[in-house]
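J.: To be precise about what I am sending: the file is called work.cif and holds mmCIF, C-alpha atoms and all ligand atoms.
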data_model
#
loop_
_atom_site.label_atom_id
_atom_site.label_comp_id
_atom_site.auth_asym_id
_atom_site.auth_seq_id
_atom_site.Cartn_x
_atom_site.Cartn_y
_atom_site.Cartn_z
CA MET A 230 -52.99 -74.48 -81.96
CA ARG A 231 -55.44 -73.34 -84.54
CA ARG A 232 -57.95 -72.92 -81.77
CA LEU A 233 -55.43 -70.85 -79.84
CA ALA A 234 -54.67 -68.61 -82.81
CA GLN A 235 -58.36 -67.92 -83.22
CA HIS A 236 -58.81 -67.34 -79.55
CA THR A 237 -55.88 -64.93 -79.36
CA ARG A 238 -57.21 -62.89 -82.24
CA ASP A 239 -60.72 -62.72 -80.87
CA ASP A 240 -59.85 -61.84 -77.33
CA ALA A 241 -56.54 -60.07 -77.24
CA TYR A 242 -57.90 -56.57 -77.61
CA ALA A 243 -61.37 -57.07 -76.15
CA SER A 244 -60.52 -55.15 -73.03
CA LYS A 245 -57.35 -53.49 -71.89
CA ARG A 246 -57.76 -54.44 -68.25
CA ASP A 247 -59.30 -57.87 -68.41
CA TYR A 248 -55.99 -59.42 -67.38
CA GLN A 249 -56.87 -58.18 -63.89
CA GLU A 250 -59.98 -60.33 -63.73
CA LEU A 251 -60.32 -63.86 -62.40
CA HIS A 252 -62.78 -66.47 -63.65
CA GLN A 253 -63.59 -69.52 -61.59
CA VAL A 254 -63.42 -72.86 -63.40
CA ARG A 255 -63.76 -76.49 -62.44
CA SER A 256 -61.13 -79.07 -63.33
CA VAL A 257 -62.03 -82.57 -64.48
CA ARG A 258 -61.41 -85.64 -62.33
CA ALA A 259 -59.93 -88.80 -63.87
CA TYR A 260 -60.49 -91.96 -61.92
CA SER A 261 -60.44 -95.68 -62.64
CA GLY A 262 -61.40 -97.11 -59.26
CA THR A 263 -58.88 -99.94 -59.64
CA PRO A 264 -55.39 -99.99 -58.12
CA ALA A 265 -53.69 -100.82 -61.41
CA ASN A 266 -54.13 -99.86 -65.04
CA ASN A 267 -54.81 -96.21 -64.57
CA ARG A 268 -54.40 -95.03 -68.07
CA LEU A 269 -55.78 -92.09 -70.01
CA VAL A 270 -55.32 -91.94 -73.77
CA LEU A 271 -55.89 -88.66 -75.54
CA THR A 272 -55.56 -87.74 -79.18
CA ALA A 273 -55.61 -84.57 -81.21
CA GLU A 274 -56.42 -84.04 -84.85
CA PRO A 275 -53.54 -85.05 -87.13
CA VAL A 276 -51.03 -82.27 -87.49
CA ASP A 277 -48.91 -83.32 -90.47
CA GLY A 278 -45.84 -81.17 -90.36
CA ILE A 279 -47.88 -78.38 -88.94
CA ALA A 280 -44.99 -76.45 -87.48
CA SER A 281 -41.99 -75.57 -89.57
CA GLU A 282 -39.98 -76.52 -86.50
CA ASN A 283 -41.78 -79.86 -86.11
CA ILE A 284 -42.04 -79.59 -82.36
CA ALA A 285 -45.02 -81.11 -80.59
CA ALA A 286 -45.71 -80.53 -76.93
CA PHE A 287 -47.87 -81.65 -74.04
CA GLY A 288 -48.89 -79.40 -71.20
CA ALA A 289 -51.33 -79.52 -68.27
CA TYR A 290 -51.92 -78.64 -64.63
CA ILE A 291 -52.55 -81.77 -62.58
CA ALA A 292 -53.22 -82.53 -58.91
CA ALA A 293 -53.37 -86.05 -57.43
CA GLU A 294 -55.42 -87.41 -54.54
CA THR A 295 -52.15 -88.48 -52.91
CA PRO A 296 -48.52 -87.79 -53.98
CA LEU A 297 -47.68 -90.15 -56.85
CA LYS A 298 -45.63 -90.57 -59.99
CA LEU A 299 -47.31 -89.87 -63.30
CA THR A 300 -45.78 -91.01 -66.58
CA ALA A 301 -46.72 -89.10 -69.71
CA ARG A 302 -45.92 -90.48 -73.14
CA LEU A 303 -46.36 -88.25 -76.18
CA CYS A 304 -46.36 -89.87 -79.63
CA TRP A 305 -46.26 -88.16 -83.00
CA GLY A 306 -45.94 -90.49 -85.96
CA ASP A 307 -42.88 -92.65 -85.31
CA SER A 308 -41.51 -90.41 -82.59
CA ASP A 309 -42.30 -90.67 -78.93
CA ARG A 310 -41.04 -89.43 -75.62
CA ALA A 311 -42.00 -90.42 -72.07
CA VAL A 312 -41.39 -88.24 -69.02
CA ALA A 313 -42.24 -89.00 -65.36
CA PHE A 314 -43.58 -86.29 -63.07
CA ASP A 315 -43.93 -86.22 -59.28
CA LEU A 316 -47.46 -85.07 -58.60
CA ALA A 317 -48.54 -83.54 -55.30
CA THR A 318 -51.99 -83.04 -53.84
CA ASP A 319 -51.85 -79.44 -55.10
CA PHE A 320 -51.84 -78.63 -58.81
CA THR A 321 -48.46 -79.17 -60.48
CA ARG A 322 -47.35 -77.67 -63.79
CA VAL A 323 -46.39 -80.46 -66.19
CA GLY A 324 -45.30 -80.54 -69.80
CA PHE A 325 -42.55 -81.31 -72.26
CA ALA A 326 -41.79 -81.12 -75.97
CA LEU A 327 -40.83 -83.65 -78.59
CA GLY A 328 -38.88 -83.08 -81.78
CA ALA A 329 -41.23 -84.97 -84.02
CA ASP A 330 -41.44 -86.83 -87.26
CA GLU A 331 -42.97 -85.19 -90.28
CA GLN A 332 -46.26 -86.99 -90.19
CA GLY A 333 -48.65 -89.11 -88.20
CA PRO A 334 -51.30 -88.73 -85.52
CA LEU A 335 -50.57 -87.07 -82.20
CA SER A 336 -51.48 -88.87 -79.01
CA LEU A 337 -50.78 -88.79 -75.30
CA GLU A 338 -50.92 -91.56 -72.71
CA LEU A 339 -50.94 -90.87 -68.98
CA TYR A 340 -50.18 -93.72 -66.54
CA TRP A 341 -50.25 -93.82 -62.77
CA ASP A 342 -50.42 -96.45 -60.04
CA GLY A 343 -52.97 -96.87 -57.27
CA ALA A 344 -56.69 -96.27 -57.09
CA TYR A 345 -56.23 -92.52 -56.87
CA ALA A 346 -57.98 -89.76 -58.76
CA LEU A 347 -56.26 -87.00 -60.76
CA ASP A 348 -57.68 -83.52 -61.16
CA ILE A 349 -56.72 -82.09 -64.54
CA TRP A 350 -56.89 -78.59 -65.95
CA GLY A 351 -55.72 -77.23 -69.31
CA LEU A 352 -54.49 -80.47 -70.85
CA ASP A 353 -53.45 -79.76 -74.42
CA ILE A 354 -51.31 -81.56 -76.99
CA GLY A 355 -50.27 -79.92 -80.22
CA PRO A 356 -47.55 -78.24 -82.18
CA ALA A 357 -45.60 -75.88 -79.98
CA ALA A 358 -45.21 -72.23 -80.92
CA ILE A 359 -41.65 -71.75 -79.78
CA PRO A 360 -40.97 -68.01 -79.84
CA ASP A 361 -37.99 -66.80 -81.86
CA GLY A 362 -34.88 -66.35 -79.82
CA ILE A 363 -35.50 -69.29 -77.54
CA VAL A 364 -32.90 -72.01 -77.72
CA LEU A 365 -34.84 -75.02 -78.89
CA ALA A 366 -32.54 -77.34 -76.99
CA ASP A 367 -33.69 -75.67 -73.76
CA VAL A 368 -37.29 -76.32 -74.62
CA LEU A 369 -36.69 -79.92 -75.68
CA GLY A 370 -34.41 -80.62 -72.75
CA ALA A 371 -35.32 -81.59 -69.24
CA GLY A 372 -35.63 -78.03 -67.88
CA ARG A 373 -39.19 -77.77 -66.70
CA SER A 374 -39.11 -74.36 -65.08
CA ILE A 375 -41.03 -72.74 -67.93
CA ALA A 376 -43.16 -75.71 -68.99
CA PRO A 377 -45.93 -75.85 -69.96
CA GLU A 378 -46.43 -72.10 -70.52
CA THR A 379 -43.51 -71.78 -72.93
CA PHE A 380 -45.06 -74.08 -75.55
CA TYR A 381 -47.91 -71.61 -76.11
CA LEU A 382 -50.51 -74.34 -76.06
CA ASP A 383 -54.14 -73.66 -75.17
CA HIS A 384 -54.90 -74.09 -71.47
CA ALA A 385 -58.26 -72.29 -71.41
CA VAL A 386 -60.37 -75.45 -71.07
CA ALA A 387 -59.99 -78.56 -68.91
CA LEU A 388 -59.29 -81.00 -71.77
CA ASN A 389 -58.28 -79.77 -75.18
CA ALA A 390 -57.87 -83.25 -76.69
CA ASP A 391 -60.19 -86.16 -77.39
CA LEU A 392 -60.44 -88.90 -74.80
CA GLU A 393 -60.07 -92.32 -76.44
CA PRO A 394 -62.40 -95.20 -75.54
CA SER A 395 -59.34 -97.36 -74.87
CA SER A 396 -58.67 -95.31 -71.71
CA ASP A 397 -58.83 -97.27 -68.46
CA ALA A 398 -60.09 -94.30 -66.49
CA ALA A 399 -63.20 -92.19 -66.73
CA VAL A 400 -63.30 -88.41 -66.67
CA ALA A 401 -66.01 -86.32 -65.03
CA GLU A 402 -66.49 -82.63 -64.38
CA GLU A 403 -66.07 -82.89 -60.67
CA GLY A 404 -62.48 -81.88 -60.00
CA ARG A 405 -61.24 -79.07 -57.78
CA TRP A 406 -61.92 -75.45 -58.64
CA LEU A 407 -59.28 -73.08 -59.99
CA HIS A 408 -59.22 -69.58 -61.36
CA LEU A 409 -58.22 -68.42 -64.83
CA LYS A 410 -56.48 -65.15 -65.56
CA LYS A 411 -55.57 -63.67 -68.90
CA CYS A 412 -51.93 -63.00 -69.77
CA SER A 413 -51.64 -59.32 -70.76
CA TYR A 414 -49.07 -60.25 -73.39
CA CYS A 415 -50.00 -63.48 -75.19
CA GLY A 416 -53.72 -63.12 -74.39
CA ARG A 417 -54.13 -66.70 -73.21
CA LEU A 418 -56.36 -67.64 -70.30
CA LEU A 419 -54.17 -69.57 -67.86
CA PRO A 420 -54.77 -71.01 -64.39
CA VAL A 421 -53.90 -69.56 -60.99
CA ASP A 422 -54.46 -71.19 -57.61
CA MET A 423 -55.60 -68.46 -55.19
CA ASN A 424 -54.63 -70.63 -52.22
CA ARG A 425 -51.07 -70.94 -53.49
CA LEU A 426 -50.21 -67.62 -55.11
CA GLY A 427 -47.58 -67.85 -57.83
CA SER A 428 -47.71 -71.63 -58.05
CA LEU A 429 -49.22 -71.99 -61.54
CA ALA A 430 -48.98 -70.00 -64.79
CA PHE A 431 -48.20 -66.58 -63.28
CA HIS A 432 -45.64 -65.38 -60.75
CA LYS A 433 -46.96 -63.85 -57.54
CA HIS A 434 -47.33 -60.06 -57.32
CA ASN A 435 -48.97 -58.80 -54.15
CA ALA A 436 -49.55 -55.24 -55.41
CA LYS A 437 -51.80 -56.44 -58.25
CA ARG A 438 -55.51 -56.94 -57.82
CA THR A 439 -55.22 -60.61 -58.78
CA HIS A 440 -52.10 -61.06 -56.61
CA HIS A 441 -50.35 -62.22 -59.78
CA GLN A 442 -48.23 -60.59 -62.46
CA ASN A 443 -49.91 -59.35 -65.63
CA GLU A 444 -47.83 -61.57 -67.93
CA CYS A 445 -47.66 -65.35 -67.76
CA ARG A 446 -44.37 -66.94 -66.72
CA SER A 447 -43.28 -67.53 -70.25
CA CYS A 448 -44.09 -64.06 -71.58
CA LYS A 449 -42.39 -62.59 -68.49
CA LYS A 450 -39.28 -64.56 -69.27
CA TRP A 451 -39.10 -64.12 -73.03
CA ARG A 452 -40.52 -60.67 -73.69
CA ILE A 453 -37.19 -59.10 -72.73
CA ASN A 454 -36.38 -60.17 -76.27
CA ASP A 455 -37.68 -57.35 -78.49
CA ASN A 456 -38.40 -59.67 -81.39
CA PHE A 457 -40.71 -61.75 -79.32
CA ASN A 458 -44.41 -61.24 -79.93
CA PRO A 459 -46.21 -64.45 -78.97
CA SER A 460 -49.53 -63.75 -80.68
CA ARG A 461 -47.64 -63.05 -83.90
CA THR A 462 -45.58 -66.16 -83.39
CA VAL A 463 -48.74 -68.20 -83.00
CA ASP A 464 -50.29 -66.66 -86.13
CA GLN A 465 -47.13 -67.13 -88.14
CA LEU A 466 -46.94 -70.70 -87.01
CA HIS A 467 -50.52 -71.19 -88.10
CA GLU A 468 -49.88 -69.58 -91.44
CA SER A 469 -46.67 -71.45 -92.18
CA SER A 470 -48.31 -74.66 -91.02
CA VAL A 471 -51.18 -74.37 -93.51
CA ILE A 472 -48.78 -73.74 -96.37
CA THR A 473 -46.46 -76.55 -95.29
CA ARG A 474 -49.33 -79.00 -94.93
CA GLU A 475 -50.82 -78.18 -98.31
CA ARG A 476 -47.45 -78.50 -100.01
CA LYS A 477 -46.92 -81.89 -98.37
CA ILE A 478 -50.34 -83.13 -99.43
CA PHE A 479 -49.71 -81.92 -102.98
CA LEU A 480 -46.35 -83.73 -103.08
CA GLN A 481 -48.01 -86.87 -101.61
CA GLU A 482 -45.44 -87.13 -98.85
CA SER A 483 -47.37 -89.53 -96.67
CA ILE A 484 -47.59 -91.96 -99.60
CA ILE A 485 -43.87 -91.61 -100.27
CA LEU A 486 -43.09 -92.31 -96.60
CA GLN A 487 -45.40 -95.33 -96.50
CA GLU A 488 -43.83 -96.75 -99.66
CA ILE A 489 -40.32 -96.37 -98.30
CA LYS A 490 -41.37 -98.18 -95.14
CA LYS A 491 -43.06 -100.97 -97.11
CA ARG A 492 -40.09 -101.38 -99.42
CA THR A 493 -37.34 -101.30 -96.79
CA GLY A 494 -39.19 -102.45 -93.68
CA GLU A 495 -37.99 -99.41 -91.80
CA GLY A 496 -39.16 -95.82 -91.36
CA LEU A 497 -37.30 -93.20 -93.34
CA LYS A 498 -36.36 -91.33 -90.21
CA SER A 499 -34.45 -94.16 -88.58
CA GLN A 500 -32.73 -94.97 -91.90
CA VAL A 501 -31.55 -91.41 -92.30
CA TRP A 502 -30.54 -91.23 -88.65
CA GLU A 503 -28.30 -94.31 -89.09
CA ARG A 504 -26.91 -93.03 -92.39
CA PHE A 505 -25.85 -89.81 -90.65
CA ASP A 506 -24.21 -91.72 -87.80
CA ARG A 507 -26.97 -90.66 -85.38
CA ARG A 508 -25.77 -87.07 -85.51
CA CYS A 509 -27.07 -83.74 -86.67
CA PHE A 510 -25.33 -83.22 -90.00
CA ASN A 511 -24.88 -79.50 -89.42
CA CYS A 512 -23.67 -79.20 -85.81
CA ALA A 513 -22.46 -82.83 -85.48
CA LYS A 514 -24.08 -83.30 -82.10
CA SER A 515 -25.39 -86.78 -81.25
CA ILE A 516 -29.18 -86.90 -81.14
CA PRO A 517 -31.64 -89.57 -80.03
CA LEU A 518 -34.07 -90.75 -82.72
CA SER A 519 -36.92 -88.96 -80.96
CA GLN A 520 -35.22 -85.62 -81.55
CA VAL A 521 -34.27 -86.18 -85.18
CA GLN A 522 -35.80 -83.83 -87.73
CA LEU A 523 -35.88 -84.99 -91.30
CA ASP A 524 -34.80 -82.12 -93.49
CA HIS A 525 -35.84 -82.24 -97.13
CA THR A 526 -32.26 -81.32 -98.21
CA ARG A 527 -33.71 -79.57 -101.27
CA PRO A 528 -36.44 -77.33 -99.80
CA LEU A 529 -40.10 -78.30 -99.70
CA ALA A 530 -40.88 -74.66 -100.56
CA TYR A 531 -39.44 -75.28 -104.03
CA LEU A 532 -41.63 -78.36 -104.43
CA TRP A 533 -39.10 -81.04 -103.48
CA PRO A 534 -40.88 -83.85 -101.58
CA ILE A 535 -39.27 -85.84 -98.79
CA ASP A 536 -37.25 -88.79 -100.11
CA GLU A 537 -34.25 -90.96 -99.34
CA HIS A 538 -31.91 -87.98 -99.90
CA ALA A 539 -33.20 -86.37 -96.67
CA THR A 540 -30.76 -84.90 -94.15
CA CYS A 541 -30.65 -85.70 -90.43
CA LEU A 542 -30.77 -82.43 -88.45
CA CYS A 543 -31.39 -81.44 -84.86
CA ALA A 544 -34.40 -79.21 -84.17
CA GLU A 545 -32.29 -76.10 -83.83
CA CYS A 546 -30.37 -76.57 -87.10
CA ASN A 547 -33.54 -77.53 -88.97
CA ASN A 548 -35.20 -74.39 -87.69
CA ASN A 549 -32.21 -72.32 -88.81
CA LYS A 550 -32.13 -73.87 -92.25
CA LYS A 551 -35.86 -73.41 -92.92
CA ASP A 552 -36.55 -72.96 -96.65
CA ARG A 553 -32.94 -72.43 -97.64
CA PHE A 554 -31.13 -74.33 -100.36
CA PRO A 555 -28.14 -76.38 -99.16
CA VAL A 556 -25.78 -74.03 -101.01
CA ASP A 557 -27.09 -71.07 -98.98
CA PHE A 558 -26.70 -72.85 -95.67
CA TYR A 559 -23.70 -75.19 -95.71
CA SER A 560 -19.98 -74.61 -96.29
CA GLU A 561 -18.20 -76.00 -99.33
CA SER A 562 -16.73 -78.93 -97.39
CA GLN A 563 -20.12 -79.66 -95.80
CA LEU A 564 -21.71 -79.75 -99.25
CA ARG A 565 -19.13 -82.31 -100.44
CA GLU A 566 -19.76 -84.47 -97.40
CA LEU A 567 -23.53 -84.12 -97.65
CA SER A 568 -23.46 -85.19 -101.28
CA ARG A 569 -21.53 -88.31 -100.26
CA ILE A 570 -23.91 -89.21 -97.41
CA CYS A 571 -27.30 -88.31 -98.87
CA GLY A 572 -26.54 -89.65 -102.34
CA LEU A 573 -27.45 -86.54 -104.31
CA GLY A 574 -24.79 -85.67 -106.86
CA TYR A 575 -22.76 -82.59 -105.95
CA GLY A 576 -23.94 -80.72 -109.05
CA GLU A 577 -27.55 -81.33 -108.15
CA LEU A 578 -27.00 -80.49 -104.50
CA VAL A 579 -25.52 -77.05 -105.15
CA GLN A 580 -28.16 -76.07 -107.71
CA LYS A 581 -31.01 -73.78 -106.76
CA SER A 582 -33.87 -75.29 -108.67
CA VAL A 583 -37.61 -75.78 -108.61
CA ASN A 584 -38.88 -79.32 -109.03
CA MET A 585 -40.03 -78.94 -112.65
CA GLU A 586 -42.07 -82.13 -112.71
CA GLN A 587 -44.22 -80.81 -109.87
CA LEU A 588 -44.35 -77.32 -111.32
CA GLN A 589 -45.64 -78.73 -114.62
CA LYS A 590 -48.35 -80.50 -112.68
CA ILE A 591 -49.45 -77.19 -111.13
CA MET A 592 -49.31 -75.30 -114.42
CA GLY A 593 -51.26 -78.03 -116.17
CA ASP A 594 -54.14 -77.73 -113.72
CA ILE A 595 -53.68 -74.27 -112.29
CA VAL A 596 -57.38 -73.49 -111.90
CA THR A 597 -57.88 -76.52 -109.66
CA TYR A 598 -54.97 -75.54 -107.39
CA ALA A 599 -56.13 -71.93 -107.30
CA THR A 600 -59.54 -73.04 -106.06
CA THR A 601 -58.56 -75.85 -103.68
CA TRP A 602 -55.46 -74.42 -101.98
CA GLU A 603 -55.53 -71.67 -99.41
CA PRO A 604 -54.70 -68.44 -101.27
CA ARG A 605 -51.52 -68.01 -99.25
CA THR A 606 -50.29 -71.43 -100.37
CA PHE A 607 -50.90 -70.49 -104.00
CA PHE A 608 -49.13 -67.14 -103.69
CA SER A 609 -46.30 -68.60 -101.64
CA VAL A 610 -45.64 -71.26 -104.31
CA ALA A 611 -45.87 -68.56 -106.99
CA ARG A 612 -43.30 -66.40 -105.16
CA LYS A 613 -40.82 -69.25 -104.78
CA VAL A 614 -41.18 -70.29 -108.42
CA GLN A 615 -40.67 -66.73 -109.64
CA GLU A 616 -37.60 -66.31 -107.45
CA ILE A 617 -35.87 -69.05 -109.47
CA HIS A 618 -37.69 -68.51 -112.78
CA PRO A 619 -38.50 -64.78 -113.13
CA GLU A 620 -40.31 -65.52 -116.40
CA ILE A 621 -42.89 -67.83 -114.76
CA ASN A 622 -45.68 -65.91 -113.05
CA LEU A 623 -48.39 -68.28 -111.81
CA GLY A 624 -50.69 -65.40 -110.81
CA GLU A 625 -50.59 -63.87 -114.30
CA ARG A 626 -50.98 -67.25 -115.90
CA LEU A 627 -54.12 -67.88 -113.88
CA GLN A 628 -55.44 -64.41 -114.67
CA PHE A 629 -54.93 -65.08 -118.37
CA LEU A 630 -56.57 -68.52 -118.27
CA ASN A 631 -59.43 -67.70 -115.94
CA PRO A 632 -59.82 -64.08 -114.81
CA GLU A 633 -62.81 -64.93 -112.64
CA ILE A 634 -60.97 -67.54 -110.57
CA HIS A 635 -58.02 -65.19 -110.29
CA GLU A 636 -60.26 -62.47 -108.89
CA GLN A 637 -61.82 -64.91 -106.42
CA LEU A 638 -58.37 -65.98 -105.24
CA ARG A 639 -57.36 -62.36 -104.69
CA SER A 640 -60.46 -61.53 -102.69
CA ARG A 641 -60.10 -64.69 -100.58
CA ALA A 642 -56.51 -63.67 -99.86
CA ALA A 643 -57.63 -60.17 -98.88
CA ALA A 644 -60.30 -61.60 -96.56
CA VAL A 645 -57.70 -63.71 -94.75
CA ARG A 646 -55.49 -60.67 -94.26
CA LEU A 647 -58.40 -58.69 -92.84
CA THR A 648 -59.28 -61.35 -90.28
CA GLU A 649 -55.69 -61.58 -89.19
CA ASP A 650 -55.32 -57.85 -88.72
CA ALA A 651 -58.54 -57.57 -86.74
ZN ZN A 701 -48.28 -65.03 -71.87
ZN ZN A 702 -27.68 -79.41 -85.21
#
In structure tokens, what does this structure look like?
Ligand SMILES: [Zn+2]
Ligand SMILES: [Zn+2]
T.:
Amino acid sequence: MRRLAQHTRDDAYASKRDYQELHQVRSVRAYSGTPANNRLVLTAEPVDGIASENIAAFGAYIAAETPLKLTARLCWGDSDRAVAFDLATDFTRVGFALGADEQGPLSLELYWDGAYALDIWGLDIGPAAIPDGIVLADVLGAGRSIAPETFYLDHAVALNADLEPSSDAAVAEEGRWLHLKKCSYCGRLLPVDMNRLGSLAFHKHNAKRTHHQNECRSCKKWRINDNFNPSRTVDQLHESSVITRERKIFLQESIILQEIKKRTGEGLKSQVWERFDRRCFNCAKSIPLSQVQLDHTRPLAYLWPIDEHATCLCAECNNNKKDRFPVDFYSESQLRELSRICGLGYGELVQKSVNMEQLQKIMGDIVTYATTWEPRTFFSVARKVQEIHPEINLGERLQFLNPEIHEQLRSRAAAVRLTEDA
């Protein structure tokens, strides 16, 4: 996703008409040569809580030597989801999303039977940039009509993940040829099959030079929503992901989660899921463990780490709650019930407070945090703290203690803004 954000920024405005050009590319061929054990294992760099929505997705365009069933299993931390796809001898659009745990490596396994080769283009796994206004349940559900385009993954190269040595199939650059075309809206390069117009990432349009529409399927479908600007969504996701990740590292969340697991023999997510009767606390709908999102209850943005007071939410409710305090999101009767289930006293639950222990840690070593964090993390923490404690201004405190570091932080922040506006 970071690669995509970069790519979008670099290319989006390069040429106004380049979405009418086609570039020929060659897919990769995966083949084991044995009738059984056809297995590809791919991993991507760890993406600890990279998306505020905590949605990971897999997407690709795959053709098989003969029609066959392909099973794809996506794992993120303790969460996993497997989906079977019917592949044809022409390229098929495949992909799905997973409401994921808050931490852990991301990996994908592909299985198929028979000594048949697969041609693969645009395989990517990563956090999904789900545009605002899309019902998350639609994206997480079985509906595949807009997958994989709707996850806003990067499909500009054949494989955008690392092939693991444990794979039982080899991959070589000798697959069938395809063409790439840029989406005029999100700026991504996505595949088209010129022998089967409209079959891949773009709908058919005979009047256009490329015989395809200017916008990809997903942008075509969602841009009717005025709020929807995919390149902004991708950038915002990137930005919020950096801040979220740095906060989680600062609060040592992965250590907390490991300790809970060691102490109780069970992952926090499944414990919370059971405690909340396997339902989303907010909308009360039943959810499978794979779609559970652990909500911090008291927001991460105010320096509250994940702990055993977490709330079980569905992806949609977690996305709606975002950084809000429980008292700004739930009704009075919900707050009473939440206090009973999550074990936080009612008085504590309805308070809007910053975690003072963590804030003291930052104030005690402010120069270190100002130099090691991304500037936007520093300023975001400062904003949240000042919202609750108007008298505490971390920026001014830093300026007073070390004007030079403060100036550096400001110019680094300005540089980031410039790159993002470019
Ligand atoms: Zn698009
Ligand atoms: Zn819900």
J.: Can you tell me, as a list in words, which residues sit within 12 Å of (-38.1, -76.7, -115.5) in the file's frame, using all atoms listed in the file?
T.: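 Residues close enough to count: Tyr531, Leu532, Lys581, Ser582, Val583, Asn584, Met585, Glu586, Gln587, Leu588, Gln589, Lys590, Met592, Val614, Gln615, Ile617, His618, Glu620 and Ile621 of chain A.
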J.: With 6 Å as the cut-off and all atoms listed in the file counted, what is the closest atom pair between each nearby residue of chain A and ligand ZN 702 (chain A)? Distances in Å to one decimal, ordered by chain and number, as JSON lines.
T.:
{"residue": "A:Cys509", "atom": "CA", "partner": "A:ZN702", "partner_atom": "ZN", "distance": 4.6}
{"residue": "A:Asn511", "atom": "CA", "partner": "A:ZN702", "partner_atom": "ZN", "distance": 5.1}
{"residue": "A:Cys512", "atom": "CA", "partner": "A:ZN702", "partner_atom": "ZN", "distance": 4.1}
{"residue": "A:Leu542", "atom": "CA", "partner": "A:ZN702", "partner_atom": "ZN", "distance": 5.4}
{"residue": "A:Cys543", "atom": "CA", "partner": "A:ZN702", "partner_atom": "ZN", "distance": 4.2}
{"residue": "A:Glu545", "atom": "CA", "partner": "A:ZN702", "partner_atom": "ZN", "distance": 5.8}
{"residue": "A:Cys546", "atom": "CA", "partner": "A:ZN702", "partner_atom": "ZN", "distance": 4.3}
J.: Would you write out, as a tab-separated table, a table of all residues in chain A that have an atom no more than 6 Å from an atom of ligand ZN 701 (chain A), listing for each the closest atom pair and the distance in Å to one decimal, considering all atoms listed in the file and ordering rows by chain and rising residue number?
T.:
residue	atom	partner	partner_atom	distance
A:Cys412	CA	A:ZN701	ZN	4.7
A:Tyr414	CA	A:ZN701	ZN	5.1
A:Cys415	CA	A:ZN701	ZN	4.0
A:Glu444	CA	A:ZN701	ZN	5.3
A:Cys445	CA	A:ZN701	ZN	4.2
A:Ser447	CA	A:ZN701	ZN	5.8
A:Cys448	CA	A:ZN701	ZN	4.3
J.: To one decimal in Å, tell me the separation between atom CA of A:Ser568 and atom CA of A:Ile478.
T.: 27.0 Å
J.: Mind checking which residues fall within 10 Å of A:Ile634, counting only C-alpha atoms, ignoring those fewer than 3 positions away in the same chain, and posting them as a PDB file with C-alpha atoms, in the frame of the given file?
T.:
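Below you can see selection_14.pdb, which holds the result:
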ATOM      1  CA  VAL A 596     -57.380 -73.490-111.900  1.00  0.00           C
ATOM      2  CA  THR A 597     -57.880 -76.520-109.660  1.00  0.00           C
ATOM      3  CA  ALA A 599     -56.130 -71.930-107.300  1.00  0.00           C
ATOM      4  CA  THR A 600     -59.540 -73.040-106.060  1.00  0.00           C
ATOM      5  CA  LEU A 627     -54.120 -67.880-113.880  1.00  0.00           C
ATOM      6  CA  GLN A 628     -55.440 -64.410-114.670  1.00  0.00           C
ATOM      7  CA  LEU A 630     -56.570 -68.520-118.270  1.00  0.00           C
ATOM      8  CA  ASN A 631     -59.430 -67.700-115.940  1.00  0.00           C
ATOM      9  CA  GLN A 637     -61.820 -64.910-106.420  1.00  0.00           C
ATOM     10  CA  LEU A 638     -58.370 -65.980-105.240  1.00  0.00           C
ATOM     11  CA  ARG A 639     -57.360 -62.360-104.690  1.00  0.00           C
ATOM     12  CA  SER A 640     -60.460 -61.530-102.690  1.00  0.00           C
TER      13      SER A 640
END
